[in-house]
Every structure is written in C-alpha cells, then in structure tokens.
$ cat protein38.cif   # mmCIF, C-alpha atoms
data_structure
loop_
_atom_site.group_PDB
_atom_site.id
_atom_site.type_symbol
_atom_site.label_atom_id
_atom_site.label_comp_id
_atom_site.auth_asym_id
_atom_site.auth_seq_id
_atom_site.Cartn_x
_atom_site.Cartn_y
_atom_site.Cartn_z
ATOM 1 C CA MET A 1 14.179 1.792 -25.821
ATOM 2 C CA ILE A 2 11.292 -0.037 -24.141
ATOM 3 C CA PRO A 3 8.303 2.315 -23.708
ATOM 4 C CA VAL A 4 6.788 2.925 -20.274
ATOM 5 C CA VAL A 5 3.138 3.499 -19.355
ATOM 6 C CA LEU A 6 1.672 4.675 -16.042
ATOM 7 C CA VAL A 7 -1.897 3.501 -15.443
ATOM 8 C CA THR A 8 -3.697 4.936 -12.431
ATOM 9 C CA GLY A 9 -6.260 2.802 -10.627
ATOM 10 C CA ALA A 10 -4.815 -0.234 -12.373
ATOM 11 C CA ALA A 11 -5.370 -2.982 -9.813
ATOM 12 C CA ALA A 12 -8.750 -4.183 -11.083
ATOM 13 C CA ARG A 13 -11.620 -3.734 -13.528
ATOM 14 C CA ILE A 14 -10.921 -1.419 -16.489
ATOM 15 C CA GLY A 15 -7.545 -0.320 -15.155
ATOM 16 C CA ALA A 16 -6.259 -3.887 -14.976
ATOM 17 C CA SER A 17 -7.391 -4.558 -18.552
ATOM 18 C CA ILE A 18 -5.567 -1.434 -19.741
ATOM 19 C CA ALA A 19 -2.409 -2.535 -17.933
ATOM 20 C CA ARG A 20 -2.619 -5.996 -19.524
ATOM 21 C CA ARG A 21 -3.155 -4.521 -23.000
ATOM 22 C CA PHE A 22 -0.090 -2.295 -22.847
ATOM 23 C CA HIS A 23 1.987 -5.066 -21.294
ATOM 24 C CA ALA A 24 1.023 -7.432 -24.118
ATOM 25 C CA ALA A 25 2.258 -4.777 -26.573
ATOM 26 C CA GLY A 26 5.701 -4.792 -24.965
ATOM 27 C CA TYR A 27 5.401 -1.838 -22.604
ATOM 28 C CA ARG A 28 6.839 -1.655 -19.144
ATOM 29 C CA VAL A 29 3.945 -0.855 -16.811
ATOM 30 C CA VAL A 30 3.903 1.328 -13.711
ATOM 31 C CA LEU A 31 0.793 0.080 -11.968
ATOM 32 C CA HIS A 32 -0.750 2.578 -9.543
ATOM 33 C CA TYR A 33 -3.149 1.534 -6.801
ATOM 34 C CA PHE A 34 -4.494 2.995 -3.575
ATOM 35 C CA ARG A 35 -6.337 0.493 -1.398
ATOM 36 C CA SER A 36 -6.412 -2.614 -3.617
ATOM 37 C CA GLN A 37 -2.980 -3.909 -2.650
ATOM 38 C CA ASP A 38 -3.827 -7.610 -2.924
ATOM 39 C CA LYS A 39 -5.255 -7.237 -6.422
ATOM 40 C CA ALA A 40 -2.380 -5.020 -7.515
ATOM 41 C CA THR A 41 0.186 -7.487 -6.182
ATOM 42 C CA ALA A 42 -1.534 -10.373 -7.956
ATOM 43 C CA LEU A 43 -1.654 -8.505 -11.265
ATOM 44 C CA SER A 44 1.988 -7.492 -10.945
ATOM 45 C CA ALA A 45 2.995 -11.099 -10.279
ATOM 46 C CA GLU A 46 0.935 -12.297 -13.241
ATOM 47 C CA LEU A 47 2.562 -9.884 -15.683
ATOM 48 C CA ASN A 48 6.090 -10.180 -14.310
ATOM 49 C CA ALA A 49 5.805 -13.958 -14.704
ATOM 50 C CA ILE A 50 5.230 -13.363 -18.412
ATOM 51 C CA ARG A 51 8.120 -10.883 -18.723
ATOM 52 C CA PRO A 52 10.408 -10.369 -15.716
ATOM 53 C CA ASP A 53 10.909 -6.844 -14.370
ATOM 54 C CA SER A 54 8.226 -5.405 -16.623
ATOM 55 C CA VAL A 55 5.790 -4.167 -13.954
ATOM 56 C CA ARG A 56 6.315 -2.038 -10.865
ATOM 57 C CA LEU A 57 3.752 -1.147 -8.197
ATOM 58 C CA LEU A 58 3.298 2.339 -6.784
ATOM 59 C CA GLN A 59 0.759 3.215 -4.086
ATOM 60 C CA ALA A 60 -0.723 6.701 -3.746
ATOM 61 C CA ASP A 61 -3.809 8.472 -2.469
ATOM 62 C CA LEU A 62 -4.667 10.711 -5.427
ATOM 63 C CA LEU A 63 -6.711 13.026 -3.214
ATOM 64 C CA GLN A 64 -3.457 14.184 -1.616
ATOM 65 C CA LEU A 65 -1.432 16.594 -3.770
ATOM 66 C CA ILE A 66 1.877 15.589 -2.173
ATOM 67 C CA GLU A 67 1.199 11.942 -3.003
ATOM 68 C CA ILE A 68 0.403 12.846 -6.616
ATOM 69 C CA GLU A 69 3.762 14.604 -6.840
ATOM 70 C CA ASN A 70 5.524 11.626 -5.251
ATOM 71 C CA LEU A 71 3.786 9.247 -7.662
ATOM 72 C CA ALA A 72 5.099 11.276 -10.590
ATOM 73 C CA LEU A 73 8.640 11.388 -9.180
ATOM 74 C CA GLN A 74 8.670 7.669 -8.384
ATOM 75 C CA THR A 75 7.300 6.835 -11.818
ATOM 76 C CA LEU A 76 10.118 8.715 -13.545
ATOM 77 C CA ALA A 77 12.705 7.177 -11.214
ATOM 78 C CA THR A 78 11.531 3.650 -12.009
ATOM 79 C CA TRP A 79 12.793 3.323 -15.589
ATOM 80 C CA GLY A 80 13.942 6.862 -16.272
ATOM 81 C CA ARG A 81 11.250 7.753 -18.798
ATOM 82 C CA LEU A 82 7.503 7.887 -19.443
ATOM 83 C CA ASP A 83 5.772 7.462 -22.794
ATOM 84 C CA VAL A 84 2.093 7.132 -21.891
ATOM 85 C CA LEU A 85 -0.044 8.320 -18.983
ATOM 86 C CA VAL A 86 -3.487 6.756 -18.594
ATOM 87 C CA ASN A 87 -5.649 8.611 -16.071
ATOM 88 C CA ASN A 88 -8.084 5.856 -15.181
ATOM 89 C CA ALA A 89 -8.507 6.104 -11.393
ATOM 90 C CA SER A 90 -12.021 7.231 -10.509
ATOM 91 C CA THR A 91 -14.553 7.318 -7.707
ATOM 92 C CA PHE A 92 -18.223 6.720 -8.538
ATOM 93 C CA TYR A 93 -21.294 6.635 -6.314
ATOM 94 C CA PRO A 94 -24.660 8.451 -6.148
ATOM 95 C CA THR A 95 -25.075 11.801 -4.389
ATOM 96 C CA PRO A 96 -28.742 12.893 -4.632
ATOM 97 C CA LEU A 97 -29.350 16.607 -4.302
ATOM 98 C CA GLY A 98 -30.061 17.446 -0.670
ATOM 99 C CA SER A 99 -27.605 14.899 0.640
ATOM 100 C CA ILE A 100 -24.350 16.083 -0.968
ATOM 101 C CA THR A 101 -21.563 16.800 1.508
ATOM 102 C CA ALA A 102 -18.346 18.755 1.068
ATOM 103 C CA ALA A 103 -16.405 15.536 1.624
ATOM 104 C CA GLN A 104 -18.269 13.821 -1.218
ATOM 105 C CA TRP A 105 -17.633 16.809 -3.479
ATOM 106 C CA ASP A 106 -13.923 16.736 -2.681
ATOM 107 C CA ASN A 107 -13.768 12.977 -3.189
ATOM 108 C CA LEU A 108 -15.627 12.818 -6.500
ATOM 109 C CA THR A 109 -14.235 15.903 -8.199
ATOM 110 C CA GLY A 110 -10.821 15.289 -6.668
ATOM 111 C CA SER A 111 -10.420 11.790 -8.057
ATOM 112 C CA ASN A 112 -12.037 12.500 -11.419
ATOM 113 C CA ALA A 113 -10.623 15.944 -12.257
ATOM 114 C CA ARG A 114 -8.103 17.421 -9.833
ATOM 115 C CA ALA A 115 -5.844 14.367 -9.617
ATOM 116 C CA PRO A 116 -5.497 13.935 -13.406
ATOM 117 C CA LEU A 117 -4.755 17.660 -13.803
ATOM 118 C CA PHE A 118 -1.925 17.698 -11.285
ATOM 119 C CA LEU A 119 -0.505 14.364 -12.427
ATOM 120 C CA CYS A 120 -0.410 15.699 -15.998
ATOM 121 C CA GLN A 121 1.283 18.837 -14.722
ATOM 122 C CA HIS A 122 4.014 16.887 -12.956
ATOM 123 C CA LEU A 123 4.622 14.551 -15.906
ATOM 124 C CA ALA A 124 4.240 16.943 -18.838
ATOM 125 C CA ALA A 125 7.969 17.604 -19.217
ATOM 126 C CA ALA A 126 8.825 13.901 -19.324
ATOM 127 C CA LEU A 127 6.055 13.241 -21.839
ATOM 128 C CA LYS A 128 7.292 16.094 -24.010
ATOM 129 C CA GLU A 129 10.781 14.616 -23.942
ATOM 130 C CA SER A 130 9.480 11.224 -25.118
ATOM 131 C CA HIS A 131 6.894 12.743 -27.514
ATOM 132 C CA GLY A 132 4.405 10.684 -25.568
ATOM 133 C CA CYS A 133 0.686 10.844 -25.011
ATOM 134 C CA ILE A 134 -2.025 11.051 -22.379
ATOM 135 C CA VAL A 135 -5.273 9.083 -22.386
ATOM 136 C CA ASN A 136 -7.997 10.148 -19.971
ATOM 137 C CA ILE A 137 -10.860 7.779 -19.116
ATOM 138 C CA VAL A 138 -13.923 10.024 -19.175
ATOM 139 C CA ASP A 139 -17.616 9.003 -19.232
ATOM 140 C CA SER A 140 -19.961 8.753 -22.194
ATOM 141 C CA THR A 141 -22.926 10.297 -20.359
ATOM 142 C CA SER A 142 -21.425 13.009 -18.139
ATOM 143 C CA HIS A 143 -21.757 15.682 -20.842
ATOM 144 C CA TYR A 144 -25.539 15.259 -20.722
ATOM 145 C CA GLY A 145 -25.795 15.196 -16.937
ATOM 146 C CA LEU A 146 -26.502 12.323 -14.586
ATOM 147 C CA SER A 147 -29.431 12.472 -12.197
ATOM 148 C CA LYS A 148 -28.300 11.841 -8.596
ATOM 149 C CA PHE A 149 -24.626 11.913 -9.648
ATOM 150 C CA ALA A 150 -23.977 15.654 -10.065
ATOM 151 C CA PRO A 151 -20.478 15.890 -8.473
ATOM 152 C CA TYR A 152 -19.284 12.801 -10.346
ATOM 153 C CA ALA A 153 -20.661 14.076 -13.663
ATOM 154 C CA MET A 154 -19.102 17.491 -13.057
ATOM 155 C CA GLY A 155 -15.744 15.862 -12.360
ATOM 156 C CA LYS A 156 -15.842 13.744 -15.510
ATOM 157 C CA GLU A 157 -16.939 16.675 -17.663
ATOM 158 C CA ALA A 158 -14.058 18.694 -16.231
ATOM 159 C CA LEU A 159 -11.755 15.824 -17.223
ATOM 160 C CA ALA A 160 -13.149 15.958 -20.760
ATOM 161 C CA ASN A 161 -12.407 19.680 -20.875
ATOM 162 C CA LEU A 162 -8.934 19.033 -19.486
ATOM 163 C CA THR A 163 -8.368 16.581 -22.331
ATOM 164 C CA ARG A 164 -9.198 19.165 -24.976
ATOM 165 C CA SER A 165 -7.334 21.968 -23.193
ATOM 166 C CA LEU A 166 -4.108 20.017 -22.708
ATOM 167 C CA ALA A 167 -4.250 18.754 -26.286
ATOM 168 C CA ARG A 168 -3.846 22.401 -27.317
ATOM 169 C CA GLU A 169 -1.350 23.348 -24.631
ATOM 170 C CA LEU A 170 0.984 20.365 -24.993
ATOM 171 C CA ALA A 171 0.939 20.121 -28.787
ATOM 172 C CA PRO A 172 2.825 19.255 -30.859
ATOM 173 C CA GLU A 173 5.055 17.171 -28.560
ATOM 174 C CA VAL A 174 2.320 15.420 -26.560
ATOM 175 C CA ARG A 175 -1.008 14.122 -27.832
ATOM 176 C CA VAL A 176 -3.935 14.102 -25.390
ATOM 177 C CA ASN A 177 -7.117 12.107 -25.983
ATOM 178 C CA GLY A 178 -9.903 10.449 -24.037
ATOM 179 C CA VAL A 179 -11.993 7.300 -23.982
ATOM 180 C CA ALA A 180 -15.599 7.625 -22.795
ATOM 181 C CA PRO A 181 -16.976 4.269 -21.609
ATOM 182 C CA GLY A 182 -20.663 3.459 -21.510
ATOM 183 C CA ALA A 183 -22.101 0.355 -19.841
ATOM 184 C CA ILE A 184 -18.955 -1.717 -19.339
ATOM 185 C CA LEU A 185 -19.160 -3.037 -15.765
ATOM 186 C CA TRP A 186 -21.997 -2.642 -13.324
ATOM 187 C CA PRO A 187 -21.062 -0.274 -10.483
ATOM 188 C CA GLU A 188 -19.809 -1.642 -7.194
ATOM 189 C CA TYR A 189 -21.601 0.728 -4.806
ATOM 190 C CA GLU A 190 -24.562 -0.603 -2.783
ATOM 191 C CA GLY A 191 -27.660 -0.684 -4.960
ATOM 192 C CA GLY A 192 -25.663 -0.420 -8.174
ATOM 193 C CA ASP A 193 -26.740 -3.872 -9.279
ATOM 194 C CA ASN A 194 -30.458 -3.051 -9.479
ATOM 195 C CA GLU A 195 -31.779 -5.391 -12.161
ATOM 196 C CA ALA A 196 -34.441 -3.002 -13.451
ATOM 197 C CA GLU A 197 -31.885 -0.216 -13.903
ATOM 198 C CA GLN A 198 -29.489 -2.586 -15.642
ATOM 199 C CA ASN A 199 -32.195 -3.733 -18.068
ATOM 200 C CA ALA A 200 -33.147 -0.117 -18.795
ATOM 201 C CA THR A 201 -29.510 0.723 -19.520
ATOM 202 C CA LEU A 202 -29.115 -2.189 -21.916
ATOM 203 C CA ALA A 203 -32.385 -1.285 -23.642
ATOM 204 C CA ARG A 204 -30.881 2.111 -24.525
ATOM 205 C CA THR A 205 -27.781 0.483 -25.989
ATOM 206 C CA MET A 206 -27.918 -0.247 -29.733
ATOM 207 C CA LEU A 207 -25.784 -3.344 -29.366
ATOM 208 C CA GLY A 208 -28.086 -4.601 -26.604
ATOM 209 C CA ARG A 209 -25.346 -5.887 -24.351
ATOM 210 C CA LEU A 210 -22.787 -4.921 -21.762
ATOM 211 C CA GLY A 211 -19.351 -3.967 -23.025
ATOM 212 C CA SER A 212 -16.129 -5.356 -21.581
ATOM 213 C CA PRO A 213 -13.075 -3.767 -19.961
ATOM 214 C CA ASP A 214 -11.067 -5.001 -22.933
ATOM 215 C CA ASP A 215 -13.151 -2.737 -25.191
ATOM 216 C CA ILE A 216 -11.852 0.268 -23.250
ATOM 217 C CA ALA A 217 -8.308 -1.078 -23.137
ATOM 218 C CA HIS A 218 -8.221 -1.536 -26.915
ATOM 219 C CA ALA A 219 -9.525 2.007 -27.478
ATOM 220 C CA ALA A 220 -6.960 3.477 -25.074
ATOM 221 C CA PHE A 221 -4.121 1.615 -26.778
ATOM 222 C CA PHE A 222 -5.366 2.635 -30.229
ATOM 223 C CA LEU A 223 -5.163 6.293 -29.240
ATOM 224 C CA THR A 224 -1.516 5.904 -28.266
ATOM 225 C CA GLN A 225 -0.740 4.521 -31.724
ATOM 226 C CA ALA A 226 -2.861 6.957 -33.766
ATOM 227 C CA SER A 227 -0.188 9.583 -34.338
ATOM 228 C CA TYR A 228 -2.460 12.127 -36.053
ATOM 229 C CA ILE A 229 -5.233 12.185 -33.451
ATOM 230 C CA THR A 230 -5.284 14.612 -30.543
ATOM 231 C CA GLY A 231 -7.987 16.417 -28.592
ATOM 232 C CA GLU A 232 -10.514 13.668 -29.323
ATOM 233 C CA ILE A 233 -12.752 11.690 -26.984
ATOM 234 C CA ILE A 234 -13.882 8.340 -28.351
ATOM 235 C CA LYS A 235 -17.192 6.988 -27.061
ATOM 236 C CA VAL A 236 -17.160 3.262 -26.369
ATOM 237 C CA ASP A 237 -20.757 2.856 -25.296
ATOM 238 C CA GLY A 238 -22.431 0.371 -27.618
ATOM 239 C CA GLY A 239 -24.254 3.165 -29.430
ATOM 240 C CA VAL A 240 -26.172 4.700 -26.528
ATOM 241 C CA LEU A 241 -25.455 8.245 -27.650
ATOM 242 C CA ALA A 242 -25.024 7.745 -31.399
#
$ encode --input "protein38.cif" --output "structure tokens"
Amino acid sequence: MIPVVLVTGAAARIGASIARRFHAAGYRVVLHYFRSQDKATALSAELNAIRPDSVRLLQADLLQLIEIENLALQTLATWGRLDVLVNNASTFYPTPLGSITAAQWDNLTGSNARAPLFLCQHLAAALKESHGCIVNIVDSTSHYGLSKFAPYAMGKEALANLTRSLARELAPEVRVNGVAPGAILWPEYEGGDNEAEQNATLARTMLGRLGSPDDIAHAAFFLTQASYITGEIIKVDGGVLA
C-alpha cells in the first residue's frame, strides 16, 4: 500500500520542500494551500510529471473550522487512507505591544495552534488505523519569547504543547513529534529583510549561516521513520540555542 502524507501550507518555501521530500520517498502527497494557487499548481505539475497521479491539491482557509473539517474529509476521500500529517501552515508577522488587534490575535494563534489542533482531531482515527504519525512545524525560539511577536510566539508554543500532549493521548498507535526551525528563510513581511537584523541573527548561530528548507524537510521525514521517537521536538537552528 502506497503511503499518503498531507502537508499543510505546502505550495512554497518549507512546505514545498517537505512535499518534495516525501514524494521522493514514494509517498502520495495531498498538497494543501490557501491563497498560493499558482505555486501549488506548479508544484503539483512538477511532481505528477515525475510520478503520475501522485499529488492532489486541496484548498482551504485554516482559520475556518468548517474548512478544516472539509480538508480532513477530502484528504481521506482522495486515496482512502492517511499515514502522515505535517502541520506546516503558519502566519508570521510582527505585532508590537500597543498595536495588537483581535483580528491579528485570531489570525496568528488560529493558524499556528487552533488549526493544527482541529485538523489532528479530525484525522486522528485515520492515523490510528494506519499507525501513522504527526509532525508539527514549531519554532526554535518561541519557548523563550519573541519581542514584538507575542501572539505568534504564543501560538507556536501552544503547538509545541499540543505536540507533547497528543503524543501521550494518541500513543501507542500514533507518534507525534515536532521540528523547530531556526533561521531558514528570511521572513516575507515588510521590513523582514533588514540587513542588520539578519547579520545579528547569523552571528548568534554557531554554524554562521542560514539553513535551508531541505534541512527542515529531512528532519520531518526522519521523524516519520524513527519508530521509537514520540513527544520530541527537534531543533534545526544551526546551534542558536544549544
């Protein structure tokens, strides 16, 4: 039986690298996207050209609970099974204290914590049936707090707690782990490419360089193969927090 993986936020950046890594290992890939239809379509065409009928696209707004439920149902209807769920979709931008709005709170904690929780809830039974696993993409610095990013950091730390909690609740049938990226790609929000901030980040990194999306993809895939690891969060941050 060919295994199936669902990767959320898989159209570009880290998500696309994760999708490519699992596809190269022989998985069928359910590729979730929200707004990045052109990128998602291009990635699907790229991978299906390598192996026909190996990738399907599903669109969903993960801030809407009904769309999360529909994503889960459509995923299971695609190939009739699910072996791996990778919760990668995330929203990231600064929210300095004094300027935080309820909409920003809902957006940042919703995408980083609430959506993974409810998607796990809808897919837990299928993952138990396949003795599958969940990999959550966390953040290597959220545990220590992020100045001007409080709602985002709170969402990612909640996701880390969800990882450990579900590892206990879904054991022994389903393993749940996380990958915590460090400096992998510079952020896309306005002002996120500040050269001084980038240099300061790299100066704190033992390896002295930016990581790559493939580093995260390899770690995520490793966790799906490591059959005696659960409840762990692996930092892939070049040694920033070692």
$ closest_residue --input "protein38.cif" --among "A:Gln225, A:Gln198, A:Ser147, A:Asn136" --to "Leu162 (chain A)" --atoms "all atoms listed in the file"
A:Asn136
$ resolve_selection --input "protein38.cif" --expression "the PyMOL selection byres ((chain A and resi 75) around 10)" --output "list in words"
Val4, Val5, Leu6, Val29, Val30, Leu31, His32, Arg56, Leu57, Leu58, Glu69, Asn70, Leu71, Ala72, Leu73, Gln74, Leu76, Ala77, Thr78, Trp79, Gly80, Arg81, Leu82 and Leu123 of chain A
$ write_last_selection --input "protein38.cif" --atoms "C-alpha atoms" --output "compact mmCIF listing (two decimals), in the frame of the given file"
# COMPACT_ATOMS: atom_id res chain seq x y z
CA VAL A 4 6.79 2.92 -20.27
CA VAL A 5 3.14 3.50 -19.36
CA LEU A 6 1.67 4.68 -16.04
CA VAL A 29 3.94 -0.86 -16.81
CA VAL A 30 3.90 1.33 -13.71
CA LEU A 31 0.79 0.08 -11.97
CA HIS A 32 -0.75 2.58 -9.54
CA ARG A 56 6.32 -2.04 -10.86
CA LEU A 57 3.75 -1.15 -8.20
CA LEU A 58 3.30 2.34 -6.78
CA GLU A 69 3.76 14.60 -6.84
CA ASN A 70 5.52 11.63 -5.25
CA LEU A 71 3.79 9.25 -7.66
CA ALA A 72 5.10 11.28 -10.59
CA LEU A 73 8.64 11.39 -9.18
CA GLN A 74 8.67 7.67 -8.38
CA LEU A 76 10.12 8.72 -13.54
CA ALA A 77 12.70 7.18 -11.21
CA THR A 78 11.53 3.65 -12.01
CA TRP A 79 12.79 3.32 -15.59
CA GLY A 80 13.94 6.86 -16.27
CA ARG A 81 11.25 7.75 -18.80
CA LEU A 82 7.50 7.89 -19.44
CA LEU A 123 4.62 14.55 -15.91
$ closest_residue --input "protein38.cif" --among "A:Ile68, A:Ala160, A:Leu223, A:Val240" --to "Gly211 (chain A)" --atoms "all atoms listed in the file"
A:Val240
$ closest_residue --input "protein38.cif" --among "A:Gly231, A:Pro213, A:Gly26, A:Gly155" --to "Asn48 (chain A)" --atoms "only C-alpha atoms"
A:Gly26
$ atom_distance --input "protein38.cif" --atom1 "CA of Asn87 (chain A)" --atom2 "CA of Gly9 (chain A)"
8.0 Å
$ resolve_selection --input "protein38.cif" --expression "the PyMOL selection byres ((chain A and resi 112) around 10)" --output "ChimeraX atom specification"
/A:62-63,87-92,106-111,113-117,136-138,151-159
$ decode --input "protein38.cif" --residues "region 94-204 of chain A" --atoms "C-alpha atoms" --output "compact mmCIF listing (two decimals), in the first residue's frame"
# COMPACT_ATOMS: atom_id res chain seq x y z
CA PRO A 94 5.30 41.43 13.98
CA THR A 95 2.68 42.70 16.43
CA PRO A 96 4.32 45.17 18.85
CA LEU A 97 2.57 45.60 22.17
CA GLY A 98 0.15 48.51 21.94
CA SER A 99 -0.80 47.75 18.37
CA ILE A 100 -2.15 44.19 18.68
CA THR A 101 -5.69 43.76 17.40
CA ALA A 102 -8.19 40.96 17.99
CA ALA A 103 -8.00 40.11 14.29
CA GLN A 104 -4.22 39.69 14.49
CA TRP A 105 -4.60 37.50 17.58
CA ASP A 106 -7.16 35.31 15.82
CA ASN A 107 -5.01 35.10 12.70
CA LEU A 108 -1.71 34.25 14.39
CA THR A 109 -2.93 31.88 17.09
CA GLY A 110 -5.53 30.44 14.73
CA SER A 111 -3.06 29.43 12.04
CA ASN A 112 -0.31 28.32 14.40
CA ALA A 113 -2.29 26.49 17.11
CA ARG A 114 -6.03 26.17 16.59
CA ALA A 115 -5.89 24.84 13.03
CA PRO A 116 -3.37 22.07 13.80
CA LEU A 117 -5.40 21.01 16.85
CA PHE A 118 -8.66 20.62 14.95
CA LEU A 119 -7.01 19.02 11.93
CA CYS A 120 -5.38 16.46 14.24
CA GLN A 121 -8.76 15.87 15.86
CA HIS A 122 -10.45 15.17 12.54
CA LEU A 123 -7.67 12.89 11.29
CA ALA A 124 -6.73 11.04 14.49
CA ALA A 125 -8.89 8.00 13.75
CA ALA A 126 -7.43 7.53 10.28
CA LEU A 127 -3.89 7.92 11.62
CA LYS A 128 -4.60 5.37 14.33
CA GLU A 129 -5.84 2.94 11.70
CA SER A 130 -2.62 3.33 9.68
CA HIS A 131 -0.37 3.52 12.78
CA GLY A 132 0.78 6.80 11.31
CA CYS A 133 2.40 9.90 12.68
CA ILE A 134 2.07 13.66 13.01
CA VAL A 135 4.88 16.17 12.57
CA ASN A 136 4.27 19.74 13.71
CA ILE A 137 6.50 22.58 12.48
CA VAL A 138 7.10 24.65 15.61
CA ASP A 139 9.71 27.40 16.17
CA SER A 140 13.10 27.15 17.85
CA THR A 141 12.76 30.47 19.69
CA SER A 142 9.09 30.68 20.70
CA HIS A 143 9.70 28.93 24.04
CA TYR A 144 11.94 31.83 25.08
CA GLY A 145 9.62 34.57 23.85
CA LEU A 146 9.92 36.86 20.86
CA SER A 147 9.90 40.61 21.31
CA LYS A 148 7.22 42.24 19.12
CA PHE A 149 5.83 38.82 18.12
CA ALA A 150 3.85 37.82 21.23
CA PRO A 151 0.74 36.30 19.56
CA TYR A 152 2.87 34.36 17.08
CA ALA A 153 5.17 33.06 19.82
CA MET A 154 2.18 32.10 21.95
CA GLY A 155 0.67 30.20 19.03
CA LYS A 156 3.88 28.29 18.31
CA GLU A 157 4.42 27.46 21.97
CA ALA A 158 0.85 26.17 22.12
CA LEU A 159 1.68 23.99 19.11
CA ALA A 160 4.71 22.63 20.95
CA ASN A 161 2.49 21.76 23.90
CA LEU A 162 -0.03 20.18 21.55
CA THR A 163 2.77 18.01 20.18
CA ARG A 164 3.67 16.67 23.61
CA SER A 165 0.04 16.32 24.71
CA LEU A 166 -1.09 14.39 21.63
CA ALA A 167 1.98 12.17 21.81
CA ARG A 168 0.59 10.94 25.14
CA GLU A 169 -3.05 10.85 24.09
CA LEU A 170 -2.60 9.08 20.75
CA ALA A 171 0.05 6.58 21.84
CA PRO A 172 0.80 3.85 21.07
CA GLU A 173 -0.90 3.89 17.65
CA VAL A 174 0.19 7.36 16.51
CA ARG A 175 3.54 9.04 17.10
CA VAL A 176 3.57 12.84 17.38
CA ASN A 177 6.74 14.92 17.09
CA GLY A 178 7.85 18.39 16.07
CA VAL A 179 10.57 20.17 14.15
CA ALA A 180 11.64 23.60 15.41
CA PRO A 181 13.32 25.63 12.65
CA GLY A 182 15.72 28.47 13.33
CA ALA A 183 16.99 30.85 10.65
CA ILE A 184 15.96 29.01 7.49
CA LEU A 185 14.38 31.65 5.23
CA TRP A 186 14.16 35.36 5.84
CA PRO A 187 10.57 36.43 6.56
CA GLU A 188 8.39 37.80 3.79
CA TYR A 189 6.62 40.58 5.71
CA GLU A 190 7.61 44.21 5.02
CA GLY A 191 10.81 45.03 6.87
CA GLY A 192 11.68 41.38 7.42
CA ASP A 193 14.76 41.65 5.23
CA ASN A 194 16.54 44.21 7.43
CA GLU A 195 20.23 43.53 6.83
CA ALA A 196 21.35 44.47 10.34
CA GLU A 197 18.82 42.10 11.91
CA GLN A 198 19.83 39.31 9.54
CA ASN A 199 23.51 39.75 10.41
CA ALA A 200 22.69 39.73 14.13
CA THR A 201 20.72 36.51 13.70
CA LEU A 202 23.55 34.79 11.85
CA ALA A 203 26.05 35.98 14.46
CA ARG A 204 24.07 34.06 17.10
